[in-house]
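*Asks:* The file below is model_27.cif, mmCIF, C-alpha atoms; chains and numbers go by the auth columns:
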data_model
loop_
_atom_site.group_PDB
_atom_site.id
_atom_site.type_symbol
_atom_site.label_atom_id
_atom_site.label_comp_id
_atom_site.label_asym_id
_atom_site.label_seq_id
_atom_site.Cartn_x
_atom_site.Cartn_y
_atom_site.Cartn_z
_atom_site.B_iso_or_equiv
_atom_site.auth_seq_id
_atom_site.auth_asym_id
ATOM 1 C CA MET A 1 15.510 -11.005 9.060 0.00 155 A
ATOM 2 C CA THR A 2 12.836 -12.930 7.221 0.00 156 A
ATOM 3 C CA VAL A 3 9.836 -14.185 9.155 0.00 157 A
ATOM 4 C CA ASN A 4 7.810 -17.145 7.948 0.00 158 A
ATOM 5 C CA PRO A 5 4.517 -15.564 6.797 0.00 159 A
ATOM 6 C CA THR A 6 2.551 -18.684 7.695 0.00 160 A
ATOM 7 C CA THR A 7 3.259 -17.988 11.382 0.00 161 A
ATOM 8 C CA LEU A 8 1.931 -14.431 11.127 0.00 162 A
ATOM 9 C CA SER A 9 -1.832 -14.410 11.108 0.00 163 A
ATOM 10 C CA HIS A 10 -2.313 -10.721 11.993 0.00 164 A
ATOM 11 C CA PRO A 11 -5.680 -11.562 13.660 0.00 165 A
ATOM 12 C CA VAL A 12 -6.525 -8.010 14.751 0.00 166 A
ATOM 13 C CA LEU A 13 -5.790 -6.558 11.312 0.00 167 A
ATOM 14 C CA ARG A 14 -7.630 -9.370 9.527 0.00 168 A
ATOM 15 C CA GLU A 15 -10.701 -8.743 11.710 0.00 169 A
ATOM 16 C CA ARG A 16 -10.596 -5.002 10.966 0.00 170 A
ATOM 17 C CA LEU A 17 -10.206 -5.706 7.246 0.00 171 A
ATOM 18 C CA ALA A 18 -13.199 -8.061 7.355 0.00 172 A
ATOM 19 C CA GLN A 19 -15.285 -5.327 8.997 0.00 173 A
ATOM 20 C CA LEU A 20 -14.437 -3.131 5.995 0.00 174 A
ATOM 21 C CA GLY A 21 -15.176 -5.929 3.516 0.00 175 A
ATOM 22 C CA LEU A 22 -11.480 -6.276 2.616 0.00 176 A
ATOM 23 C CA THR A 23 -8.855 -8.987 2.804 0.00 177 A
ATOM 24 C CA LEU A 24 -5.091 -8.963 2.940 0.00 178 A
ATOM 25 C CA PRO A 25 -3.893 -10.251 -0.439 0.00 179 A
ATOM 26 C CA GLU A 26 -1.115 -12.737 -1.062 0.00 180 A
ATOM 27 C CA THR A 27 2.211 -11.002 -1.532 0.00 181 A
ATOM 28 C CA SER A 28 2.945 -10.363 -5.194 0.00 182 A
ATOM 29 C CA SER A 29 6.282 -11.464 -6.525 0.00 183 A
ATOM 30 C CA ALA A 30 8.646 -8.800 -7.753 0.00 184 A
ATOM 31 C CA LEU A 31 8.293 -7.806 -11.403 0.00 185 A
ATOM 32 C CA ALA A 32 12.034 -7.120 -11.806 0.00 186 A
ATOM 33 C CA ALA A 33 15.325 -7.283 -9.877 0.00 187 A
ATOM 34 C CA TYR A 34 14.180 -6.301 -6.365 0.00 188 A
ATOM 35 C CA VAL A 35 12.368 -7.714 -3.335 0.00 189 A
ATOM 36 C CA PRO A 36 8.815 -6.700 -2.308 0.00 190 A
ATOM 37 C CA ALA A 37 10.012 -5.568 1.140 0.00 191 A
ATOM 38 C CA ILE A 38 13.184 -5.424 3.187 0.00 192 A
ATOM 39 C CA ARG A 39 13.655 -5.165 6.941 0.00 193 A
ATOM 40 C CA THR A 40 16.412 -3.490 8.916 0.00 194 A
ATOM 41 C CA GLY A 41 15.947 -3.629 12.675 0.00 195 A
ATOM 42 C CA ASN A 42 12.276 -2.894 13.362 0.00 196 A
ATOM 43 C CA THR A 43 11.776 -0.901 10.151 0.00 197 A
ATOM 44 C CA VAL A 44 10.410 -2.313 6.902 0.00 198 A
ATOM 45 C CA TYR A 45 10.605 -0.554 3.555 0.00 199 A
ATOM 46 C CA THR A 46 8.309 -1.814 0.819 0.00 200 A
ATOM 47 C CA SER A 47 8.962 -1.548 -2.859 0.00 201 A
ATOM 48 C CA GLY A 48 6.421 0.408 -4.858 0.00 202 A
ATOM 49 C CA GLN A 49 3.191 -1.566 -5.079 0.00 203 A
ATOM 50 C CA LEU A 50 0.889 -1.388 -8.070 0.00 204 A
ATOM 51 C CA PRO A 51 -2.900 -1.725 -7.835 0.00 205 A
ATOM 52 C CA LEU A 52 -2.848 -5.408 -8.771 0.00 206 A
ATOM 53 C CA HIS A 53 -5.726 -7.511 -7.485 0.00 207 A
ATOM 54 C CA GLU A 54 -5.603 -11.213 -8.332 0.00 208 A
ATOM 55 C CA GLY A 55 -3.216 -10.403 -11.176 0.00 209 A
ATOM 56 C CA ASN A 56 -5.384 -7.669 -12.710 0.00 210 A
ATOM 57 C CA MET A 57 -4.484 -3.978 -12.755 0.00 211 A
ATOM 58 C CA GLY A 58 -8.004 -2.616 -12.227 0.00 212 A
ATOM 59 C CA ALA A 59 -7.463 0.321 -14.605 0.00 213 A
ATOM 60 C CA LEU A 60 -4.777 1.540 -16.968 0.00 214 A
ATOM 61 C CA GLY A 61 -3.570 4.951 -18.029 0.00 215 A
ATOM 62 C CA LYS A 62 -3.242 8.445 -16.715 0.00 216 A
ATOM 63 C CA VAL A 63 -5.362 9.941 -13.980 0.00 217 A
ATOM 64 C CA GLY A 64 -7.296 12.919 -15.259 0.00 218 A
ATOM 65 C CA ALA A 65 -7.575 11.453 -18.774 0.00 219 A
ATOM 66 C CA ASP A 66 -8.050 7.660 -18.854 0.00 220 A
ATOM 67 C CA VAL A 67 -8.798 7.090 -15.162 0.00 221 A
ATOM 68 C CA SER A 68 -11.012 9.226 -12.934 0.00 222 A
ATOM 69 C CA PRO A 69 -9.595 10.566 -9.671 0.00 223 A
ATOM 70 C CA LYS A 70 -12.221 8.544 -7.747 0.00 224 A
ATOM 71 C CA VAL A 71 -11.180 5.279 -9.401 0.00 225 A
ATOM 72 C CA ALA A 72 -7.510 6.162 -8.831 0.00 226 A
ATOM 73 C CA LYS A 73 -8.239 6.822 -5.140 0.00 227 A
ATOM 74 C CA ASP A 74 -9.741 3.323 -4.864 0.00 228 A
ATOM 75 C CA LEU A 75 -6.691 1.904 -6.660 0.00 229 A
ATOM 76 C CA ALA A 76 -4.435 3.604 -4.097 0.00 230 A
ATOM 77 C CA ARG A 77 -6.270 1.572 -1.432 0.00 231 A
ATOM 78 C CA THR A 78 -5.429 -1.595 -3.360 0.00 232 A
ATOM 79 C CA CYS A 79 -1.785 -0.502 -3.543 0.00 233 A
ATOM 80 C CA VAL A 80 -1.582 -0.015 0.213 0.00 234 A
ATOM 81 C CA LEU A 81 -3.137 -3.434 0.847 0.00 235 A
ATOM 82 C CA ASN A 82 -0.429 -4.927 -1.373 0.00 236 A
ATOM 83 C CA ALA A 83 2.215 -2.957 0.540 0.00 237 A
ATOM 84 C CA LEU A 84 0.858 -4.217 3.863 0.00 238 A
ATOM 85 C CA ALA A 85 0.928 -7.777 2.545 0.00 239 A
ATOM 86 C CA ALA A 86 4.596 -7.329 1.578 0.00 240 A
ATOM 87 C CA ALA A 87 5.466 -5.803 4.966 0.00 241 A
ATOM 88 C CA GLY A 88 3.511 -8.538 6.709 0.00 242 A
ATOM 89 C CA THR A 89 5.900 -11.191 5.424 0.00 243 A
ATOM 90 C CA LEU A 90 8.581 -9.624 7.630 0.00 244 A
ATOM 91 C CA GLY A 91 6.718 -8.936 10.872 0.00 245 A
ATOM 92 C CA ASP A 92 3.411 -8.938 12.719 0.00 246 A
ATOM 93 C CA LEU A 93 1.130 -6.269 11.254 0.00 247 A
ATOM 94 C CA ASP A 94 -0.821 -6.160 14.527 0.00 248 A
ATOM 95 C CA THR A 95 2.167 -4.334 16.055 0.00 249 A
ATOM 96 C CA VAL A 96 2.883 -1.976 13.164 0.00 250 A
ATOM 97 C CA ARG A 97 3.185 1.814 13.136 0.00 251 A
ATOM 98 C CA ILE A 98 3.017 3.460 9.709 0.00 252 A
ATOM 99 C CA LEU A 99 5.843 5.966 9.307 0.00 253 A
ATOM 100 C CA LYS A 100 5.724 7.134 5.696 0.00 254 A
ATOM 101 C CA VAL A 101 3.633 6.755 2.560 0.00 255 A
ATOM 102 C CA THR A 102 4.913 7.745 -0.851 0.00 256 A
ATOM 103 C CA GLY A 103 2.382 7.752 -3.658 0.00 257 A
ATOM 104 C CA PHE A 104 3.010 8.178 -7.358 0.00 258 A
ATOM 105 C CA VAL A 105 0.198 9.153 -9.715 0.00 259 A
ATOM 106 C CA ALA A 106 0.525 8.814 -13.484 0.00 260 A
ATOM 107 C CA SER A 107 -0.940 12.213 -14.300 0.00 261 A
ATOM 108 C CA ALA A 108 -2.464 13.678 -17.435 0.00 262 A
ATOM 109 C CA ALA A 109 -1.270 17.134 -18.407 0.00 263 A
ATOM 110 C CA GLY A 110 -2.822 19.688 -16.066 0.00 264 A
ATOM 111 C CA PHE A 111 -3.937 17.142 -13.442 0.00 265 A
ATOM 112 C CA ASN A 112 -2.901 18.301 -9.976 0.00 266 A
ATOM 113 C CA GLY A 113 -5.109 16.211 -7.703 0.00 267 A
ATOM 114 C CA GLN A 114 -2.378 13.792 -6.621 0.00 268 A
ATOM 115 C CA PRO A 115 -2.952 14.409 -2.877 0.00 269 A
ATOM 116 C CA ALA A 116 -6.642 13.493 -3.187 0.00 270 A
ATOM 117 C CA VAL A 117 -5.755 10.281 -5.039 0.00 271 A
ATOM 118 C CA ILE A 118 -3.190 9.197 -2.450 0.00 272 A
ATOM 119 C CA ASN A 119 -5.713 9.983 0.294 0.00 273 A
ATOM 120 C CA GLY A 120 -7.154 6.584 -0.643 0.00 274 A
ATOM 121 C CA ALA A 121 -4.053 4.941 0.823 0.00 275 A
ATOM 122 C CA SER A 122 -3.735 7.329 3.775 0.00 276 A
ATOM 123 C CA GLU A 123 -7.374 7.124 4.814 0.00 277 A
ATOM 124 C CA LEU A 124 -7.356 3.328 4.697 0.00 278 A
ATOM 125 C CA LEU A 125 -4.261 3.156 6.909 0.00 279 A
ATOM 126 C CA VAL A 126 -5.950 5.320 9.536 0.00 280 A
ATOM 127 C CA GLU A 127 -9.138 3.229 9.255 0.00 281 A
ATOM 128 C CA LEU A 128 -7.106 0.087 9.850 0.00 282 A
ATOM 129 C CA PHE A 129 -4.638 1.232 12.506 0.00 283 A
ATOM 130 C CA GLY A 130 -6.116 4.358 14.101 0.00 284 A
ATOM 131 C CA SER A 131 -3.417 6.705 15.383 0.00 285 A
ATOM 132 C CA ARG A 132 -0.742 4.085 14.528 0.00 286 A
ATOM 133 C CA GLY A 133 -1.760 4.594 10.902 0.00 287 A
ATOM 134 C CA GLU A 134 -1.058 8.342 10.880 0.00 288 A
ATOM 135 C CA HIS A 135 2.041 9.019 8.812 0.00 289 A
ATOM 136 C CA ALA A 136 4.223 11.423 6.883 0.00 290 A
ATOM 137 C CA ARG A 137 3.485 11.412 3.158 0.00 291 A
ATOM 138 C CA SER A 138 4.458 12.484 -0.322 0.00 292 A
ATOM 139 C CA ALA A 139 2.082 12.495 -3.315 0.00 293 A
ATOM 140 C CA VAL A 140 3.935 12.880 -6.595 0.00 294 A
ATOM 141 C CA GLY A 141 2.673 13.273 -10.145 0.00 295 A
ATOM 142 C CA VAL A 142 4.675 11.362 -12.759 0.00 296 A
ATOM 143 C CA ALA A 143 4.539 10.953 -16.532 0.00 297 A
ATOM 144 C CA GLU A 144 4.463 7.128 -16.554 0.00 298 A
ATOM 145 C CA LEU A 145 4.353 4.167 -14.178 0.00 299 A
ATOM 146 C CA PRO A 146 5.237 0.504 -14.788 0.00 300 A
ATOM 147 C CA LEU A 147 2.720 -1.539 -16.785 0.00 301 A
ATOM 148 C CA ASN A 148 0.720 1.647 -17.500 0.00 302 A
ATOM 149 C CA ALA A 149 -0.522 1.675 -13.882 0.00 303 A
ATOM 150 C CA PRO A 150 -2.323 4.848 -12.800 0.00 304 A
ATOM 151 C CA VAL A 151 -0.949 4.766 -9.244 0.00 305 A
ATOM 152 C CA GLU A 152 1.853 3.204 -7.187 0.00 306 A
ATOM 153 C CA VAL A 153 2.357 3.307 -3.413 0.00 307 A
ATOM 154 C CA GLU A 154 5.263 2.420 -1.137 0.00 308 A
ATOM 155 C CA ILE A 155 5.272 2.488 2.658 0.00 309 A
ATOM 156 C CA ILE A 156 7.753 2.509 5.513 0.00 310 A
ATOM 157 C CA VAL A 157 6.586 0.818 8.707 0.00 311 A
ATOM 158 C CA GLU A 158 7.967 0.148 12.142 0.00 312 A
ATOM 159 C CA PHE A 159 7.229 -2.983 14.145 0.00 313 A
ATOM 160 C CA ALA A 160 6.976 -2.852 17.953 0.00 314 A
#
Represent the supplied structure as structure tokens.
*Replies:*
Amino acid sequence: MTVNPTTLSHPVLRERLAQLGLTLPETSSALAAYVPAIRTGNTVYTSGQLPLHEGNMGALGKVGADVSPKVAKDLARTCVLNALAAAGTLGDLDTVRILKVTGFVASAAGFNGQPAVINGASELLVELFGSRGEHARSAVGVAELPLNAPVEVEIIVEFA
């Protein structure tokens, strides 16, 4: 089921984002042969979202070498905003419950702070949705990510 995104204003979420000095970005188009999000019943699965903001990556390389953990944590917030934008094309984000976050961190040898990096995504979801933003999570270190991104995040959400 595809919902016309122009009919979904998500007023409560947009107000909360504004309080935090953030906005919900436009949904990015897929970079390969997949869709940004897919819905089955009341559940939406997003594809992995990179930390793209207005077409720019924000930082490139491996966390713990080229990118500091603090910068990577901020980039994880950008990823989750992109994931919410993708999910928001398929339902009203004001009714959402976050079920699962999976975060991938392009990690330099010896870097093991993946959970702290992905906390950027997790903490923002709780800031935005309160208890509806609490979720299960995985934080995984990987050798490489697409386009030399330092972090990638995907989410699974449920709409009321």
*Asks:* May I ask which of the residues A:Ala293, A:Val259, A:Leu185, A:Leu282 is the closest one to A:Gly215, counting all atoms listed in the file?
*Replies:*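 Of the candidates, the smallest distance to A:Gly215 is held by A:Val259.
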*Asks:* Smallest atom-to-atom distance to A:Gly242: which of A:Thr194, A:Ser222, A:Thr181, A:Asn266, using all atoms listed in the file?
*Replies:*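 Residue with the minimum atom-to-atom distance to A:Gly242: A:Thr181.
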*Asks:* Can you find the residues with an atom no farther than 6 Å from (-1.4, -4.3, 15.7), counting only C-alpha atoms, and report them as a short mmCIF file (atom, residue, chain, number, x, y, z; two decimals) with C-alpha atoms, keeping the file's coordinate frame?
*Replies:*
data_model
loop_
_atom_site.label_atom_id
_atom_site.label_comp_id
_atom_site.auth_asym_id
_atom_site.auth_seq_id
_atom_site.Cartn_x
_atom_site.Cartn_y
_atom_site.Cartn_z
CA LEU A 247 1.13 -6.27 11.25
CA ASP A 248 -0.82 -6.16 14.53
CA THR A 249 2.17 -4.33 16.06
CA VAL A 250 2.88 -1.98 13.16
#
*Asks:* Suppose you want the space between atom CA of A:Ala297 and atom CA of A:Ser183; what is it in Å?
*Replies:* 24.6 Å
*Asks:* In Å, with one decimal, what is the gap from atom CA of A:Ile309 to atom CA of A:Pro165?
*Replies:*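 Computing the Euclidean distance for atom CA of A:Ile309 and atom CA of A:Pro165 yields 20.9 Å.
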*Asks:* Suppose a student applies the PyMOL selection byres ((chain A and resi 240) around 9) to this structure; what residues should they get, written as a VMD selection string?
*Replies:* chain A and resid 180 to 182 190 to 192 200 to 201 203 235 to 239 241 to 244
*Asks:* Please enumerate the residues selected by the PyMOL selection byres ((chain A and resi 310) around 6) when evaluated against the supplied file, formatted as a list in words.
*Replies:*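 When the PyMOL selection byres ((chain A and resi 310) around 6) is applied, the selected residues are Val198, Tyr199, Leu253, Lys254, Ile309 and Val311 of chain A.
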*Asks:* Reconstruct all heavy atoms of stretch 246-257 of chain A; output as a PDB file, in the coordinates of the input.
*Replies:*
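See out-v3.pdb below for the written result:
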ATOM      1  N   ASP A 246       4.821  -8.853  12.340  1.00  0.00           N
ATOM      2  CA  ASP A 246       3.411  -8.938  12.719  1.00  0.00           C
ATOM      3  C   ASP A 246       2.723  -7.589  12.519  1.00  0.00           C
ATOM      4  O   ASP A 246       3.008  -6.627  13.244  1.00  0.00           O
ATOM      5  CB  ASP A 246       3.302  -9.388  14.173  1.00  0.00           C
ATOM      6  CG  ASP A 246       1.875  -9.602  14.625  1.00  0.00           C
ATOM      7  OD1 ASP A 246       0.938  -9.358  13.833  1.00  0.00           O
ATOM      8  OD2 ASP A 246       1.689 -10.017  15.783  1.00  0.00           O
ATOM      9  N   LEU A 247       1.818  -7.522  11.567  1.00  0.00           N
ATOM     10  CA  LEU A 247       1.130  -6.269  11.254  1.00  0.00           C
ATOM     11  C   LEU A 247       0.258  -5.761  12.402  1.00  0.00           C
ATOM     12  O   LEU A 247      -0.114  -4.596  12.422  1.00  0.00           O
ATOM     13  CB  LEU A 247       0.296  -6.422   9.987  1.00  0.00           C
ATOM     14  CG  LEU A 247       1.100  -6.618   8.700  1.00  0.00           C
ATOM     15  CD1 LEU A 247       0.174  -6.912   7.521  1.00  0.00           C
ATOM     16  CD2 LEU A 247       1.969  -5.405   8.412  1.00  0.00           C
ATOM     17  N   ASP A 248      -0.047  -6.624  13.373  1.00  0.00           N
ATOM     18  CA  ASP A 248      -0.821  -6.160  14.527  1.00  0.00           C
ATOM     19  C   ASP A 248       0.003  -5.268  15.444  1.00  0.00           C
ATOM     20  O   ASP A 248      -0.538  -4.638  16.348  1.00  0.00           O
ATOM     21  CB  ASP A 248      -1.389  -7.344  15.306  1.00  0.00           C
ATOM     22  CG  ASP A 248      -2.541  -8.013  14.571  1.00  0.00           C
ATOM     23  OD1 ASP A 248      -3.093  -7.407  13.626  1.00  0.00           O
ATOM     24  OD2 ASP A 248      -2.883  -9.147  14.942  1.00  0.00           O
ATOM     25  N   THR A 249       1.310  -5.185  15.223  1.00  0.00           N
ATOM     26  CA  THR A 249       2.167  -4.334  16.055  1.00  0.00           C
ATOM     27  C   THR A 249       2.738  -3.151  15.268  1.00  0.00           C
ATOM     28  O   THR A 249       3.601  -2.437  15.772  1.00  0.00           O
ATOM     29  CB  THR A 249       3.353  -5.143  16.618  1.00  0.00           C
ATOM     30  OG1 THR A 249       4.258  -5.485  15.558  1.00  0.00           O
ATOM     31  CG2 THR A 249       2.879  -6.404  17.324  1.00  0.00           C
ATOM     32  N   VAL A 250       2.263  -2.942  14.072  1.00  0.00           N
ATOM     33  CA  VAL A 250       2.883  -1.976  13.164  1.00  0.00           C
ATOM     34  C   VAL A 250       2.507  -0.532  13.473  1.00  0.00           C
ATOM     35  O   VAL A 250       1.427  -0.252  13.999  1.00  0.00           O
ATOM     36  CB  VAL A 250       2.519  -2.325  11.689  1.00  0.00           C
ATOM     37  CG1 VAL A 250       1.137  -1.833  11.323  1.00  0.00           C
ATOM     38  CG2 VAL A 250       3.539  -1.776  10.735  1.00  0.00           C
ATOM     39  N   ARG A 251       3.412   0.361  13.158  1.00  0.00           N
ATOM     40  CA  ARG A 251       3.185   1.814  13.136  1.00  0.00           C
ATOM     41  C   ARG A 251       3.594   2.258  11.744  1.00  0.00           C
ATOM     42  O   ARG A 251       4.692   1.945  11.284  1.00  0.00           O
ATOM     43  CB  ARG A 251       4.065   2.486  14.202  1.00  0.00           C
ATOM     44  CG  ARG A 251       4.190   3.992  14.053  1.00  0.00           C
ATOM     45  CD  ARG A 251       3.135   4.707  14.882  1.00  0.00           C
ATOM     46  NE  ARG A 251       3.361   6.128  14.903  1.00  0.00           N
ATOM     47  CZ  ARG A 251       2.685   6.988  14.122  1.00  0.00           C
ATOM     48  NH1 ARG A 251       1.774   6.554  13.293  1.00  0.00           N
ATOM     49  NH2 ARG A 251       2.907   8.268  14.191  1.00  0.00           N
ATOM     50  N   ILE A 252       2.713   2.975  11.048  1.00  0.00           N
ATOM     51  CA  ILE A 252       3.017   3.460   9.709  1.00  0.00           C
ATOM     52  C   ILE A 252       3.828   4.750   9.842  1.00  0.00           C
ATOM     53  O   ILE A 252       3.386   5.693  10.504  1.00  0.00           O
ATOM     54  CB  ILE A 252       1.733   3.728   8.889  1.00  0.00           C
ATOM     55  CG1 ILE A 252       0.796   2.508   8.924  1.00  0.00           C
ATOM     56  CG2 ILE A 252       2.080   4.132   7.468  1.00  0.00           C
ATOM     57  CD1 ILE A 252       1.351   1.233   8.370  1.00  0.00           C
ATOM     58  N   LEU A 253       4.985   4.786   9.223  1.00  0.00           N
ATOM     59  CA  LEU A 253       5.843   5.966   9.307  1.00  0.00           C
ATOM     60  C   LEU A 253       5.699   6.880   8.102  1.00  0.00           C
ATOM     61  O   LEU A 253       5.612   8.099   8.251  1.00  0.00           O
ATOM     62  CB  LEU A 253       7.314   5.536   9.440  1.00  0.00           C
ATOM     63  CG  LEU A 253       7.656   4.677  10.647  1.00  0.00           C
ATOM     64  CD1 LEU A 253       9.128   4.272  10.602  1.00  0.00           C
ATOM     65  CD2 LEU A 253       7.319   5.389  11.939  1.00  0.00           C
ATOM     66  N   LYS A 254       5.695   6.308   6.908  1.00  0.00           N
ATOM     67  CA  LYS A 254       5.724   7.134   5.696  1.00  0.00           C
ATOM     68  C   LYS A 254       4.997   6.436   4.570  1.00  0.00           C
ATOM     69  O   LYS A 254       5.092   5.225   4.408  1.00  0.00           O
ATOM     70  CB  LYS A 254       7.186   7.391   5.292  1.00  0.00           C
ATOM     71  CG  LYS A 254       7.413   8.129   3.987  1.00  0.00           C
ATOM     72  CD  LYS A 254       7.305   9.619   4.152  1.00  0.00           C
ATOM     73  CE  LYS A 254       7.304  10.379   2.845  1.00  0.00           C
ATOM     74  NZ  LYS A 254       8.497  10.951   2.386  1.00  0.00           N
ATOM     75  N   VAL A 255       4.270   7.209   3.791  1.00  0.00           N
ATOM     76  CA  VAL A 255       3.633   6.755   2.560  1.00  0.00           C
ATOM     77  C   VAL A 255       4.139   7.640   1.434  1.00  0.00           C
ATOM     78  O   VAL A 255       4.147   8.869   1.566  1.00  0.00           O
ATOM     79  CB  VAL A 255       2.085   6.862   2.654  1.00  0.00           C
ATOM     80  CG1 VAL A 255       1.431   6.594   1.307  1.00  0.00           C
ATOM     81  CG2 VAL A 255       1.543   5.924   3.718  1.00  0.00           C
ATOM     82  N   THR A 256       4.565   7.005   0.361  1.00  0.00           N
ATOM     83  CA  THR A 256       4.913   7.745  -0.851  1.00  0.00           C
ATOM     84  C   THR A 256       4.022   7.230  -1.966  1.00  0.00           C
ATOM     85  O   THR A 256       3.996   6.020  -2.225  1.00  0.00           O
ATOM     86  CB  THR A 256       6.397   7.572  -1.221  1.00  0.00           C
ATOM     87  OG1 THR A 256       7.197   7.968  -0.108  1.00  0.00           O
ATOM     88  CG2 THR A 256       6.763   8.423  -2.424  1.00  0.00           C
ATOM     89  N   GLY A 257       3.289   8.132  -2.586  1.00  0.00           N
ATOM     90  CA  GLY A 257       2.382   7.752  -3.658  1.00  0.00           C
ATOM     91  C   GLY A 257       2.756   8.437  -4.954  1.00  0.00           C
ATOM     92  O   GLY A 257       3.089   9.624  -4.960  1.00  0.00           O
TER      93      GLY A 257
END
